[in-house]
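K.L.:
The structure that follows is given in the form of structure tokens.
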2 protein chains.
Amino acid sequence: MRIVVALGGNALIGPDGSATPEDQTDAVRAAAPALAGLAAEQELVVTHGNGPQVGNLLVKNEIAATVVPPVPLDWCGAQTQGTLGTLLLDALDEELARRGIRRRVAAVVTRTLVDPDDPGFRTPTKPIGRYLPLAEAQPLLEHGQTWVDHGSRGWRRVVASPEPLEVLDAPAAAALLAAGFVVVAAGGGGVPTVRSDADGHRALAGVQAVIDKDLTAVVLAQALAADLLVIATDVDNAMVDWGTPHARPLEEVSVAELRRHAADGQFGAGGMGPKVEAVCRYVERTGRRAAITSLRRISEAAAGTRGTRVHP
Amino acid sequence: MRIVVALGGNALIGPDGSATPEDQTDAVRAAAPALAGLAAEQELVVTHGNGPQVGNLLVKNEIAATVVPPVPLDWCGAQTQGTLGTLLLDALDEELARRGIRRRVAAVVTRTLVDPDDPGFRTPTKPIGRYLPLAEAQPLLEHGQTWVDHGSRGWRRVVASPEPLEVLDAPAAAALLAAGFVVVAAGGGGVPTVRSDADGHRALAGVQAVIDKDLTAVVLAQALAADLLVIATDVDNAMVDWGTPHARPLEEVSVAELRRHAADGQFGAGGMGPKVEAVCRYVERTGRRAAITSLRRISEAAAGTRGTRVHP
């Protein structure tokens, strides 16, 4: 079975939310046993978020902006593919070796194509990073960033969050899978990239945006014809009627039923909602299966015994 | 023919030495035609330096150290694999498409194994980054970095520059080559990594060091059984008797003759010397060929008509 697992960026930081290098290293090591357990029996692709990591890089950009030219947001994402990719390579190589599993791991730098006409680029709405006083935001405004005035709280940057259209480097992931590798790909949703066929001299270029890593995981899993897409989060199941006496975890569920729960407003816009949207898309587009569960339950989700398992 | 080309980090910045994102993007685009021309006819692996890019990241680390924990030097290298990898992917994809060459490009996050007992780790000697007053170096000293007092010039960081022993992710590069990809690998000499078999819980880990990218290119080319290793630099040939009336470019040359010139002190320790050392090593270790030339001459070097071509 071919499985794509999407790890949340928050799974890759410390329990207190801190994202020092040590926190990130420890968090990746904590995630490795569940992933290696799955890799023992299945073809595995790991994708991951990078929100807290990009947050740190943005702060450095801001603080150093008058001395070192800030790098664009897409570069920050590419940087985290390097660092989290390296951590995942080390931790998975080690964990596979410890279990006597003779599989190699590879991490590919991954770009995700987005539409330059995506509405997000005309009206960026996705807030990222810290609130800053105008004096500190000014050099970044001058570097072309969009910041919004939040009055007494200060200014905060907003960016586009466009739809992922195609994972440009999915063929590399596919070739590595075919060669027997466990593959790390599309970190942070992939480096946002636009294609402008009109201008032969700039046909492909990175673009400043944030792509939802779970939605990119859907597109990646489609390209790889994955049998199962698992959105790994911090709970074993999506819940309905949360906070009422009727609260219950969703186990095996049809995509139609899951869509009804979503339409009923069962899932929060910031948390479970986007994950539910991702698994629904995958099942609807492919007729294959998807799941939402915790990292520790991913092998059971693959076996169909635990987690919120979504079928056509 | 299978060819590994090593691009200098200085080839990936602006002509004035500046390394803004725009400079790096333009420099990579300027390098793409020569590389794509080679990829039209040969199996191609591109590796690259990252010195100026890491320099920028170190400055950000320093300036922001009291607010955001600085990341280790090996992370800076991994970050540049993401950013330069993305730029090379875009530029090569574009240039191949423009020429109607139906080949894909892939960039792999690459670690290079070094010996934790390498003398460099006991006595770091490789200076990197800026001179800082003690007050600014202090927070970095407290983060475990080694800095040396240069008196009135200030303090400067020193790190180990260990020998590359093995490119841990060469098998991923090999699998992608076999699948027909042009491969970008081992950027910045690879992320320096140590293996400690004694401690099962930390068997693989990044380590703060700078690996010579040309020496890593040798090890990578060995692992990939490359027919030719090309060290791309800013001159068409290595020269002997430079600065005298007898100055002449080296064209076809045996490794024995090249070693004699090196022993005669013909090549500078900071510039051509390490490149000559790299090509000599490759020819001696493998019995295959290597060359030193400019980017614009790499196809002719592969054809055996231009550049300094070294044979056994």
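Residue names in the structure tokens use chain letters A, B, ... in the order shown, residue numbers from 1 in each chain, and ligand numbers from 1 in the order shown.
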Residues of segment 235-281 of chain A classed as helix (DSSP H, G or I) by DSSP on the backbone are to be reported as a count of residues only.
P.N.:
19
K.L.:
Near chain A, meaning an atom within 7 Å, which residues of chain B appear when counting only C-alpha atoms? Write them as a ChimeraX atom specification.
P.N.:
/B:20-21,56,60,63-64,68-69,71,75,78-83,85-86,90,94,106-109,169,172,175-176,179,203-205
K.L.:
As a PyMOL selection string, please: the residues near Leu258 of chain B (cut-off 10 Å, only C-alpha atoms, same-chain neighbours under 6 positions excluded).
P.N.:
chain B and resi 238+240+250+264+266+276-277+279-280+308+310-311
K.L.:
Quick check for you: according to DSSP on this backbone, which residues of segment 189-289 of chain A are classed as strand (DSSP E or B)? Reply as a list in words.
P.N.:
Val191, Pro192, Thr193, Val194, Arg195, Leu204, Ala205, Gly206, Ala209, Leu228, Leu229, Val230, Ile231, Ala232, Thr233, Met239, Val240, Arg248, Pro249, Glu252, Val253, Ser254 and Arg289 of chain A
K.L.:
Atom CA of Leu229 of chain B to atom CA of Pro52 of chain B: how many Å, to one decimal?
P.N.:
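Computed distance, atom CA of Leu229 of chain B to atom CA of Pro52 of chain B, equals 23.3 Å.
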K.L.:
Env of Ala6 of chain B: 9 Å cut, atoms = only C-alpha atoms, seq-sep filter 5 positions within chain, self excluded. Answer as number ranges by chain.
P.N.:
B: 45-49, 213-214, 217, 229-233
K.L.:
Could you write those residues out with C-alpha atoms, as an mmCIF file, in the first residue's frame?
P.N.:
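Printed below is selection.cif as written:
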data_model
loop_
_atom_site.group_PDB
_atom_site.id
_atom_site.type_symbol
_atom_site.label_atom_id
_atom_site.label_comp_id
_atom_site.auth_asym_id
_atom_site.auth_seq_id
_atom_site.Cartn_x
_atom_site.Cartn_y
_atom_site.Cartn_z
ATOM 1 C CA VAL B 45 24.706 16.063 -11.463
ATOM 2 C CA VAL B 46 25.151 19.629 -10.257
ATOM 3 C CA THR B 47 26.642 20.423 -6.894
ATOM 4 C CA HIS B 48 27.310 23.926 -5.635
ATOM 5 C CA GLY B 49 29.004 26.036 -3.013
ATOM 6 C CA LYS B 213 32.371 21.591 -1.648
ATOM 7 C CA ASP B 214 34.959 20.473 -4.214
ATOM 8 C CA ALA B 217 32.108 16.645 -5.144
ATOM 9 C CA LEU B 229 34.237 15.537 -12.536
ATOM 10 C CA VAL B 230 34.261 19.186 -13.589
ATOM 11 C CA ILE B 231 35.225 21.904 -11.110
ATOM 12 C CA ALA B 232 33.631 25.009 -12.611
ATOM 13 C CA THR B 233 35.356 28.268 -11.747
#
